[in-house]
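Listing of start-v3.cif; format and content: mmCIF, C-alpha atoms and all ligand atoms.
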```cif
data_coords
#
loop_
_atom_site.group_PDB
_atom_site.id
_atom_site.type_symbol
_atom_site.label_atom_id
_atom_site.label_comp_id
_atom_site.auth_asym_id
_atom_site.auth_seq_id
_atom_site.Cartn_x
_atom_site.Cartn_y
_atom_site.Cartn_z
ATOM 1 C CA MET A 136 26.713 187.004 50.872
ATOM 2 C CA SER A 137 27.089 183.512 49.589
ATOM 3 C CA ASN A 138 30.053 181.255 49.010
ATOM 4 C CA GLN A 139 30.557 180.344 45.396
ATOM 5 C CA LEU A 140 33.234 178.914 43.204
ATOM 6 C CA SER A 141 33.370 178.444 39.438
ATOM 7 C CA ARG A 142 35.840 177.536 36.771
ATOM 8 C CA ALA A 143 36.184 178.444 33.132
ATOM 9 C CA TYR A 144 38.268 177.422 30.168
ATOM 10 C CA SER A 145 39.107 179.074 26.893
ATOM 11 C CA LYS A 146 40.133 176.564 24.212
ATOM 12 C CA GLU A 147 41.218 179.343 21.910
ATOM 13 C CA LEU A 148 43.621 180.814 24.459
ATOM 14 C CA SER A 149 44.489 177.576 26.326
ATOM 15 C CA ILE A 150 43.885 179.358 29.616
ATOM 16 C CA ARG A 151 41.953 178.013 32.571
ATOM 17 C CA MET A 152 40.409 180.344 35.095
ATOM 18 C CA THR A 153 38.617 180.183 38.421
ATOM 19 C CA HIS A 154 36.559 182.637 40.447
ATOM 20 C CA VAL A 155 35.737 182.497 44.146
ATOM 21 C CA GLU A 156 33.545 184.534 46.419
ATOM 22 C CA CYS A 157 33.990 183.175 49.928
ATOM 23 C CA SER A 158 33.044 186.149 52.123
ATOM 24 C CA SER A 159 30.711 184.443 54.586
ATOM 25 C CA LEU A 160 33.013 181.443 54.900
ATOM 26 C CA CYS A 161 35.999 183.704 55.691
ATOM 27 C CA ASN A 162 33.848 185.631 58.138
ATOM 28 C CA GLU A 163 33.030 182.403 59.968
ATOM 29 C CA ILE A 164 36.693 181.333 60.150
ATOM 30 C CA VAL A 165 37.974 184.779 61.239
ATOM 31 C CA ILE A 166 35.380 185.050 64.035
ATOM 32 C CA ARG A 167 36.145 181.531 65.208
ATOM 33 C CA HIS A 168 39.879 182.287 65.396
ATOM 34 C CA ASP A 169 39.427 185.774 66.850
ATOM 35 C CA ASN A 170 41.790 187.202 64.205
ATOM 36 C CA ASP A 171 42.521 190.908 64.171
ATOM 37 C CA PRO A 172 42.426 192.765 60.816
ATOM 38 C CA VAL A 173 46.076 192.152 59.838
ATOM 39 C CA ALA A 174 45.888 188.437 60.635
ATOM 40 C CA ALA A 175 42.417 188.183 59.043
ATOM 41 C CA HIS A 176 43.568 189.946 55.883
ATOM 42 C CA ASN A 177 46.395 187.481 55.326
ATOM 43 C CA LEU A 178 44.357 184.429 56.284
ATOM 44 C CA CYS A 179 41.417 185.389 54.030
ATOM 45 C CA ARG A 180 43.739 186.086 51.108
ATOM 46 C CA SER A 181 45.293 182.643 51.606
ATOM 47 C CA ILE A 182 41.905 180.923 51.878
ATOM 48 C CA GLY A 183 40.751 182.687 48.700
ATOM 49 C CA ALA A 184 43.954 181.647 46.918
ATOM 50 C CA GLY A 185 43.613 178.037 48.099
ATOM 51 C CA LEU A 186 40.008 177.867 46.939
ATOM 52 C CA LEU A 187 40.966 179.209 43.516
ATOM 53 C CA LEU A 188 43.000 176.006 43.064
ATOM 54 C CA GLN A 189 40.263 173.709 44.368
ATOM 55 C CA PRO A 190 38.469 173.232 40.996
ATOM 56 C CA PHE A 191 41.544 171.425 39.629
ATOM 57 C CA LEU A 192 41.327 168.642 42.222
ATOM 58 C CA GLU A 193 39.942 165.238 41.311
ATOM 59 C CA LYS A 194 37.391 163.315 43.378
ATOM 60 C CA GLU A 195 38.487 162.728 47.002
ATOM 61 C CA GLU A 196 41.636 164.801 46.540
ATOM 62 C CA ARG A 197 42.711 167.638 48.794
ATOM 63 C CA LEU A 198 45.347 170.309 48.590
ATOM 64 C CA SER A 199 47.299 171.277 51.659
ATOM 65 C CA LEU A 200 49.121 174.619 51.529
ATOM 66 C CA LYS A 201 51.594 175.985 54.049
ATOM 67 C CA TRP A 202 53.269 179.387 54.081
ATOM 68 C CA ASP A 203 56.195 179.682 56.525
ATOM 69 C CA TYR A 204 57.216 183.300 57.071
ATOM 70 C CA LYS A 205 60.054 184.595 59.181
ATOM 71 C CA GLY A 206 58.571 187.931 60.302
ATOM 72 C CA THR A 207 56.073 188.552 63.082
ATOM 73 C CA LEU A 208 53.765 186.481 60.861
ATOM 74 C CA LYS A 209 54.923 182.888 61.283
ATOM 75 C CA GLN A 210 52.641 180.542 59.415
ATOM 76 C CA ILE A 211 49.464 180.214 57.407
ATOM 77 C CA LEU A 212 47.849 176.831 56.786
ATOM 78 C CA VAL A 213 45.026 176.233 54.317
ATOM 79 C CA GLU A 214 43.528 172.945 53.206
ATOM 80 C CA VAL A 215 40.911 172.617 50.473
ATOM 81 C CA LYS A 216 39.022 169.488 49.468
ATOM 82 C CA GLN A 217 37.523 168.599 46.122
ATOM 83 C CA ASP A 218 34.001 168.748 47.581
ATOM 84 C CA GLY A 219 34.454 172.419 48.538
ATOM 85 C CA GLY A 220 35.520 171.908 52.166
ATOM 86 C CA VAL A 221 38.134 174.344 53.433
ATOM 87 C CA ARG A 222 39.963 174.948 56.697
ATOM 88 C CA GLY A 223 42.725 177.348 57.584
ATOM 89 C CA LEU A 224 44.567 179.195 60.305
ATOM 90 C CA VAL A 225 47.182 181.889 60.787
ATOM 91 C CA ARG A 226 49.901 181.954 63.437
ATOM 92 C CA PRO A 227 49.910 184.059 65.508
ATOM 93 C CA HIS A 228 46.172 184.676 65.358
ATOM 94 C CA GLN A 229 46.636 188.405 66.059
ATOM 95 C CA LEU A 230 49.138 190.611 64.251
ATOM 96 C CA ASN A 231 47.988 194.226 64.590
ATOM 97 C CA ASP A 232 50.859 196.529 65.576
ATOM 98 C CA SER A 233 53.280 193.593 65.502
ATOM 99 C CA ALA A 234 55.256 195.100 62.624
ATOM 100 C CA LYS A 235 55.833 198.541 61.193
ATOM 101 C CA THR A 236 57.002 197.441 57.770
ATOM 102 C CA GLU A 237 56.167 194.654 55.352
ATOM 103 C CA GLU A 238 59.601 193.209 55.960
ATOM 104 C CA GLU A 239 58.986 193.042 59.709
ATOM 105 C CA LEU A 240 55.641 191.365 59.081
ATOM 106 C CA PHE A 241 56.709 188.822 56.447
ATOM 107 C CA GLY A 242 60.455 188.547 56.980
ATOM 108 C CA LYS A 243 62.827 188.334 54.042
ATOM 109 C CA SER A 244 61.354 185.267 52.410
ATOM 110 C CA CYS A 245 58.644 182.670 52.597
ATOM 111 C CA GLN A 246 58.813 178.924 52.232
ATOM 112 C CA ILE A 247 55.728 177.580 50.534
ATOM 113 C CA THR A 248 54.803 173.924 50.696
ATOM 114 C CA ALA A 249 52.009 172.484 48.567
ATOM 115 C CA ILE A 250 50.895 168.870 48.917
ATOM 116 C CA ARG A 251 48.175 167.231 46.837
ATOM 117 C CA LEU A 252 46.682 164.151 48.430
ATOM 118 C CA PHE A 253 44.228 161.421 47.508
ATOM 119 C CA ARG A 254 42.711 160.354 50.829
ATOM 120 C CA ASP A 255 45.960 160.165 52.876
ATOM 121 C CA LYS A 256 48.260 159.257 49.998
ATOM 122 C CA ILE A 257 50.588 162.002 48.744
ATOM 123 C CA LEU A 258 50.244 162.441 44.977
ATOM 124 C CA GLN A 259 52.488 165.447 44.550
ATOM 125 C CA SER A 260 54.423 167.761 46.813
ATOM 126 C CA GLY A 261 56.717 170.734 46.374
ATOM 127 C CA ILE A 262 58.542 173.419 48.322
ATOM 128 C CA THR A 263 59.656 176.805 47.019
ATOM 129 C CA GLU A 264 61.258 179.869 48.544
ATOM 130 C CA SER A 265 59.516 183.099 47.536
ATOM 131 C CA ILE A 266 60.192 186.756 48.317
ATOM 132 C CA MET A 267 56.916 188.420 47.333
ATOM 133 C CA ARG A 268 55.832 189.249 50.925
ATOM 134 C CA ASP A 269 52.239 188.422 50.171
ATOM 135 C CA PRO A 270 50.590 184.980 50.464
ATOM 136 C CA VAL A 271 48.683 185.321 47.174
ATOM 137 C CA GLU A 272 51.705 186.389 45.153
ATOM 138 C CA ASP A 273 53.929 183.884 46.933
ATOM 139 C CA LEU A 274 51.528 181.114 45.908
ATOM 140 C CA GLY A 275 51.422 182.360 42.303
ATOM 141 C CA TYR A 276 55.210 182.280 42.285
ATOM 142 C CA TYR A 277 55.191 178.733 43.682
ATOM 143 C CA TYR A 278 52.998 177.467 40.814
ATOM 144 C CA SER A 279 54.923 179.330 38.118
ATOM 145 C CA TYR A 280 58.303 178.246 39.444
ATOM 146 C CA SER A 281 57.906 174.906 41.215
ATOM 147 C CA GLU A 282 55.072 173.381 39.182
ATOM 148 C CA GLN A 283 55.985 175.206 35.963
ATOM 149 C CA ILE A 284 52.420 176.378 35.371
ATOM 150 C CA GLU A 285 52.266 180.109 34.655
ATOM 151 C CA THR A 286 49.788 181.266 37.283
ATOM 152 C CA SER A 287 48.358 184.621 38.184
ATOM 153 C CA LEU A 288 45.966 185.279 41.063
ATOM 154 C CA ALA A 289 44.213 188.282 42.525
ATOM 155 C CA VAL A 290 42.263 188.165 45.787
ATOM 156 C CA SER A 291 40.450 191.114 47.306
ATOM 157 C CA VAL A 292 39.461 191.312 50.984
ATOM 158 C CA GLY A 293 37.148 193.983 52.382
ATOM 159 C CA PHE A 294 36.360 194.739 56.022
ATOM 160 C CA SER A 295 33.327 196.145 57.772
ATOM 161 C CA GLN A 296 32.950 197.871 61.158
ATOM 162 C CA ASN A 297 30.401 195.282 62.274
ATOM 163 C CA PRO A 298 32.150 193.019 64.845
ATOM 164 C CA GLU A 299 29.741 190.194 63.978
ATOM 165 C CA GLN A 300 30.644 190.420 60.330
ATOM 166 C CA PRO A 301 34.223 191.712 60.113
ATOM 167 C CA ILE A 302 34.790 190.348 56.604
ATOM 168 C CA GLN A 303 32.626 192.140 54.124
ATOM 169 C CA LEU A 304 34.168 190.531 51.084
ATOM 170 C CA CYS A 305 36.684 187.936 49.992
ATOM 171 C CA GLN A 306 36.767 187.436 46.255
ATOM 172 C CA GLY A 307 39.385 186.321 43.760
ATOM 173 C CA ILE A 308 40.274 185.233 40.260
ATOM 174 C CA LEU A 309 42.990 182.890 39.036
ATOM 175 C CA LEU A 310 44.435 182.445 35.545
ATOM 176 C CA GLN A 311 46.651 179.543 34.489
ATOM 177 C CA ALA A 312 48.382 179.002 31.170
ATOM 178 C CA MET A 313 47.804 175.491 29.872
ATOM 179 C CA PRO A 314 49.985 173.655 27.311
ATOM 180 C CA GLY A 315 49.731 175.429 23.956
ATOM 181 C CA CYS A 316 49.094 178.836 25.527
ATOM 182 C CA ASP A 317 50.819 181.798 23.881
ATOM 183 C CA LEU A 318 52.889 183.023 26.835
ATOM 184 C CA LEU A 319 53.302 186.528 25.429
ATOM 185 C CA GLN A 320 49.548 186.818 25.176
ATOM 186 C CA PHE A 321 49.216 185.353 28.671
ATOM 187 C CA GLU A 322 51.566 188.033 29.983
ATOM 188 C CA ASN A 323 49.262 190.757 28.610
ATOM 189 C CA ILE A 324 46.211 189.052 30.066
ATOM 190 C CA ARG A 325 48.012 188.705 33.401
ATOM 191 C CA LYS A 326 48.688 192.467 33.401
ATOM 192 C CA ARG A 327 45.010 193.175 32.769
ATOM 193 C CA LEU A 328 44.102 191.107 35.853
ATOM 194 C CA LEU A 329 45.927 193.796 37.850
ATOM 195 C CA ASP A 330 44.211 196.733 36.046
ATOM 196 C CA PRO A 331 42.619 199.261 38.447
ATOM 197 C CA ASP A 332 39.219 198.621 36.818
ATOM 198 C CA VAL A 333 39.456 194.879 37.412
ATOM 199 C CA LYS A 334 40.706 195.495 40.957
ATOM 200 C CA LYS A 335 37.727 197.760 41.556
ATOM 201 C CA ALA A 336 35.338 195.112 40.228
ATOM 202 C CA LEU A 337 36.876 192.467 42.501
ATOM 203 C CA ALA A 338 36.632 194.753 45.532
ATOM 204 C CA LYS A 339 32.829 194.744 45.330
ATOM 205 C CA ALA A 340 30.475 191.860 46.012
ATOM 206 C CA PRO A 341 29.182 190.469 42.699
ATOM 207 C CA LYS A 342 25.676 191.753 42.111
ATOM 208 C CA ILE A 343 25.002 190.008 38.812
ATOM 209 C CA ASP A 344 24.866 186.291 38.031
ATOM 210 C CA ASN A 345 27.340 186.463 35.171
ATOM 211 C CA PHE A 346 29.875 188.573 37.083
ATOM 212 C CA PHE A 347 32.725 186.087 36.466
ATOM 213 C CA GLU A 348 32.047 186.012 32.721
ATOM 214 C CA LYS A 349 31.896 189.818 32.538
ATOM 215 C CA VAL A 350 35.207 190.214 34.396
ATOM 216 C CA LEU A 351 36.849 187.486 32.334
ATOM 217 C CA ILE A 352 35.850 189.140 29.079
ATOM 218 C CA GLN A 353 37.328 192.383 30.400
ATOM 219 C CA ILE A 354 40.580 190.571 31.199
ATOM 220 C CA LEU A 355 40.843 188.204 28.251
ATOM 221 C CA ASP A 356 39.531 190.181 25.368
ATOM 222 C CA PRO A 357 38.669 193.802 26.153
ATOM 223 C CA THR A 358 38.286 194.781 22.487
ATOM 224 C CA HIS A 359 36.201 191.998 21.038
ATOM 225 C CA LYS A 360 33.972 191.375 24.072
ATOM 226 C CA LYS A 361 33.546 187.852 22.828
ATOM 227 C CA THR A 362 35.337 184.682 23.842
ATOM 228 C CA ASP A 363 34.759 180.959 23.730
ATOM 229 C CA LEU A 364 34.422 180.745 27.505
ATOM 230 C CA GLU A 365 32.885 177.703 29.063
ATOM 231 C CA ILE A 366 31.934 178.421 32.685
ATOM 232 C CA ILE A 367 31.106 175.635 35.131
ATOM 233 C CA SER A 368 29.914 175.942 38.743
ATOM 234 C CA CYS A 369 31.904 174.019 41.358
ATOM 235 C CA PRO A 370 30.742 172.735 44.762
ATOM 236 C CA ALA A 371 30.106 175.726 47.056
ATOM 237 C CA PRO A 372 32.970 176.223 49.516
ATOM 238 C CA SER A 373 32.227 175.557 53.174
ATOM 239 C CA ALA A 374 34.243 175.333 56.378
ATOM 240 C CA TYR A 375 35.085 171.837 57.565
ATOM 241 C CA CYS A 376 37.328 170.154 60.074
ATOM 242 C CA THR A 377 38.636 166.641 60.550
ATOM 243 C CA CYS A 378 39.048 166.780 64.326
ATOM 244 C CA THR A 379 37.527 163.952 66.374
ATOM 245 C CA LYS A 380 37.806 162.813 69.974
ATOM 246 C CA GLU A 381 39.896 159.900 68.667
ATOM 247 C CA LYS A 382 42.443 162.247 67.087
ATOM 248 C CA ILE A 383 42.547 164.280 70.300
ATOM 249 C CA SER A 384 43.278 161.027 72.180
ATOM 250 C CA THR A 385 46.301 160.491 69.919
ATOM 251 C CA ILE A 386 47.631 163.911 70.985
ATOM 252 C CA VAL A 387 47.055 163.027 74.642
ATOM 253 C CA LYS A 388 48.849 159.711 74.114
ATOM 254 C CA SER A 389 51.903 161.456 72.670
ATOM 255 C CA LEU A 390 52.389 163.749 75.691
ATOM 256 C CA PRO A 391 55.791 163.307 77.396
ATOM 257 C CA THR A 392 55.850 161.219 80.603
ATOM 258 C CA GLU A 393 56.593 164.268 82.809
ATOM 259 C CA ASP A 394 53.485 166.020 81.487
ATOM 260 C CA GLN A 395 51.413 162.891 82.037
ATOM 261 C CA GLU A 396 52.600 162.741 85.654
ATOM 262 C CA ASP A 397 51.803 166.452 86.170
ATOM 263 C CA ILE A 398 48.309 165.979 84.780
ATOM 264 C CA ILE A 399 47.602 162.961 87.010
ATOM 265 C CA GLU A 400 48.911 164.880 90.028
ATOM 266 C CA LYS A 401 46.676 167.874 89.299
ATOM 267 C CA GLY A 402 43.743 165.529 88.762
ATOM 268 C CA GLU A 403 41.939 167.928 86.414
ATOM 269 C CA ALA A 404 40.370 167.082 83.070
ATOM 270 C CA LEU A 405 42.285 168.233 80.002
ATOM 271 C CA ILE A 406 40.662 170.826 77.767
ATOM 272 C CA ILE A 407 42.082 170.615 74.260
ATOM 273 C CA ARG A 408 41.111 173.070 71.568
ATOM 274 C CA CYS A 409 41.305 172.168 67.869
ATOM 275 C CA GLN A 410 43.604 174.692 66.197
ATOM 276 C CA PHE A 411 41.547 174.708 62.991
ATOM 277 C CA CYS A 412 37.927 174.935 64.108
ATOM 278 C CA SER A 413 38.405 176.011 67.744
ATOM 279 C CA LYS A 414 36.132 173.222 68.962
ATOM 280 C CA THR A 415 37.090 172.216 72.509
ATOM 281 C CA TYR A 416 37.360 168.632 73.706
ATOM 282 C CA GLU A 417 37.363 167.568 77.322
ATOM 283 C CA VAL A 418 39.384 164.495 78.237
ATOM 284 C CA THR A 419 38.674 163.387 81.821
ATOM 285 C CA ILE A 420 41.449 162.217 84.075
ATOM 286 C CA ASP A 421 40.098 158.644 83.911
ATOM 287 C CA GLU A 422 40.109 158.832 80.110
ATOM 288 C CA CYS A 423 43.709 160.122 80.239
ATOM 289 C CA LYS A 424 44.755 157.241 82.487
ATOM 290 C CA GLY A 425 43.033 154.803 80.113
ATOM 291 C CA ILE A 426 44.874 156.291 77.089
ATOM 292 C CA TRP A 427 48.271 156.149 78.798
ATOM 293 C CA ALA A 428 47.707 152.612 80.124
ATOM 294 C CA LYS A 429 47.385 151.244 76.557
HETATM 295 ZN ZN ZN B 501 38.583 170.931 64.396
#
```
Let me see whether you can do it: turn the structure in this file into structure tokens.
Ligand SMILES: [Zn+2]
Amino acid sequence: MSNQLSRAYSKELSIRMTHVECSSLCNEIVIRHDNDPVAAHNLCRSIGAGLLLQPFLEKEERLSLKWDYKGTLKQILVEVKQDGGVRGLVRPHQLNDSAKTEEELFGKSCQITAIRLFRDKILQSGITESIMRDPVEDLGYYYSYSEQIETSLAVSVGFSQNPEQPIQLCQGILLQAMPGCDLLQFENIRKRLLDPDVKKALAKAPKIDNFFEKVLIQILDPTHKKTDLEIISCPAPSAYCTCTKEKISTIVKSLPTEDQEDIIEKGEALIIRCQFCSKTYEVTIDECKGIWAK
């Protein structure tokens, strides 16, 4: 299993498309966060969806996505960078048996926030309420409604019994209508993305190099088997994190005075775990005192 991302464009149809296969990356993140299958399923779908939007970022840009649900599932965070870096988490990290119905799991609606940044400067941000009860469809709705770009995504996640490799597959395709696109035609193409045959193809790891092209032809033009597709490889996705001891110190500095007093009284070093990558940082009591004295 590899991690790969590519984009394609059809001038004739004015549709841009992306494909991601991020199975080993999702595996790494799910193991690190000790997610159970329900939590892993939703997190991997969100990571796949986030990565499908990564090829549209410019140099040094990143896209930060947040899904706030009101069911037993509370929040999913995913951040993708133009160079292929991705990080994400789901809260709570375990969800099995937490809900009997989709409504209990997702709640009635979801608030989606998408922020595009260049370094730390916000270029664009939006919030939309969606009721799809699925992070991938909720994100598609966000783009179609809030950013007015007709967007359709499909992400497939497969599990294995192997505890060291719980995620067997995470693969997805995105279609976006660009200016000049015939929206009626796009609607038909969008329906074909959800065809059982296409779903079946996405549920298996790609075995051929031109898998994306083959699937796209099936979706875009099933009769003619010929399109003007231009397919370009993007930087391979990989897990990253921005945590540093310095950033951890900022968290320590912001602790309320009562907590600071408790910590000094106990006299034990603080162990702080990064919520994204699960790396732990130890801040000694002397370091704490130094931070609070500033
Ligand atoms: Zn981290």
Target residues per the PyMOL selection byres (((chain A and resi 271-274) around 8) and not hetatm), formatted as number ranges by chain: A: 180-181, 184, 245, 247, 265-270, 275-278, 287-290
List as a PyMOL selection string: which residues have an atom within 7 Å of (39.4, 196.6, 32.2), counting all atoms listed in the file? chain A and resi 327+330+332-333+353-354+357
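Minimum atom-to-atom distances from A:Asp232, A:Glu381, A:Glu322, A:Glu282 to ligand ZN 501 (chain B) were compared using all atoms listed in the file, and the lowest value belongs to A:Glu381.
When all atoms listed in the file are used to compute distances to ligand ZN 501 (chain B), the closest of the residues A:Leu160, A:Leu224, A:Leu240, A:Ile166 turns out to be A:Leu224.
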Let me have all residues with an atom within 10 Å of ligand ZN 501 (chain B), counting only C-alpha atoms and all ligand atoms, laid out as a list in words. Arg222, Tyr375, Cys376, Thr377, Cys378, Thr379, Lys380, Lys382, Ile383, Arg408, Cys409, Gln410, Phe411, Cys412, Ser413, Lys414, Thr415 and Tyr416 of chain A
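When the distance limit is 9 Å and all atoms listed in the file are what count, the residues near Gly402 (chain A), minus those fewer than 4 positions from it on the same chain, are A:Asp397, A:Ile398, A:Thr419, A:Ile420.
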List, as an mmCIF file with C-alpha atoms, keeping the file's coordinate frame, every residue that the PyMOL selection byres (((chain A and resi 147) around 12) and not hetatm) selects in the file provided.
```cif
data_model
loop_
_atom_site.group_PDB
_atom_site.id
_atom_site.type_symbol
_atom_site.label_atom_id
_atom_site.label_comp_id
_atom_site.auth_asym_id
_atom_site.auth_seq_id
_atom_site.Cartn_x
_atom_site.Cartn_y
_atom_site.Cartn_z
ATOM 1 C CA TYR A 144 38.268 177.422 30.168
ATOM 2 C CA SER A 145 39.107 179.074 26.893
ATOM 3 C CA LYS A 146 40.133 176.564 24.212
ATOM 4 C CA LEU A 148 43.621 180.814 24.459
ATOM 5 C CA SER A 149 44.489 177.576 26.326
ATOM 6 C CA ILE A 150 43.885 179.358 29.616
ATOM 7 C CA ARG A 151 41.953 178.013 32.571
ATOM 8 C CA ALA A 312 48.382 179.002 31.170
ATOM 9 C CA MET A 313 47.804 175.491 29.872
ATOM 10 C CA PRO A 314 49.985 173.655 27.311
ATOM 11 C CA GLY A 315 49.731 175.429 23.956
ATOM 12 C CA CYS A 316 49.094 178.836 25.527
ATOM 13 C CA ASP A 317 50.819 181.798 23.881
ATOM 14 C CA GLN A 320 49.548 186.818 25.176
ATOM 15 C CA LEU A 355 40.843 188.204 28.251
ATOM 16 C CA ASP A 356 39.531 190.181 25.368
ATOM 17 C CA LYS A 361 33.546 187.852 22.828
ATOM 18 C CA THR A 362 35.337 184.682 23.842
ATOM 19 C CA ASP A 363 34.759 180.959 23.730
ATOM 20 C CA LEU A 364 34.422 180.745 27.505
ATOM 21 C CA GLU A 365 32.885 177.703 29.063
#
```
List the neighbours of Phe241 (chain A) out to 8 Å using only C-alpha atoms; skip same-chain residues closer than 3 positions along the sequence, and give me the result as a PyMOL selection string. chain A and resi 204-209+237-238+244-245+268-269
Within 6 Å of file point (34.9, 186.4, 54.4), counting all atoms listed in the file, expressed as a ChimeraX atom specification: /A:157-162,302,304-305
Which is closest to Arg142 (chain A) among A:Gln189, A:Ser281, A:Asn297, A:Thr263, if we use only C-alpha atoms? A:Gln189
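When you apply the PyMOL selection byres (((chain A and resi 338) around 8) and not hetatm) to this structure, what comes back is Ser291, Val292, Gly293, Leu304, Gln306, Lys334, Lys335, Ala336, Leu337, Lys339 and Ala340 of chain A.
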Dump of C-alpha atoms for the selected residues, as a short mmCIF file (atom, residue, chain, number, x, y, z; two decimals), in the coordinates of the input:
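Heads up, here's the output in part_27.cif:
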```cif
data_model
loop_
_atom_site.label_atom_id
_atom_site.label_comp_id
_atom_site.auth_asym_id
_atom_site.auth_seq_id
_atom_site.Cartn_x
_atom_site.Cartn_y
_atom_site.Cartn_z
CA SER A 291 40.45 191.11 47.31
CA VAL A 292 39.46 191.31 50.98
CA GLY A 293 37.15 193.98 52.38
CA LEU A 304 34.17 190.53 51.08
CA GLN A 306 36.77 187.44 46.26
CA LYS A 334 40.71 195.50 40.96
CA LYS A 335 37.73 197.76 41.56
CA ALA A 336 35.34 195.11 40.23
CA LEU A 337 36.88 192.47 42.50
CA LYS A 339 32.83 194.74 45.33
CA ALA A 340 30.48 191.86 46.01
#
```
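Taking CA of Ile343 (chain A) and CA of Ile367 (chain A) as endpoints, the distance between them is 16.0 Å.
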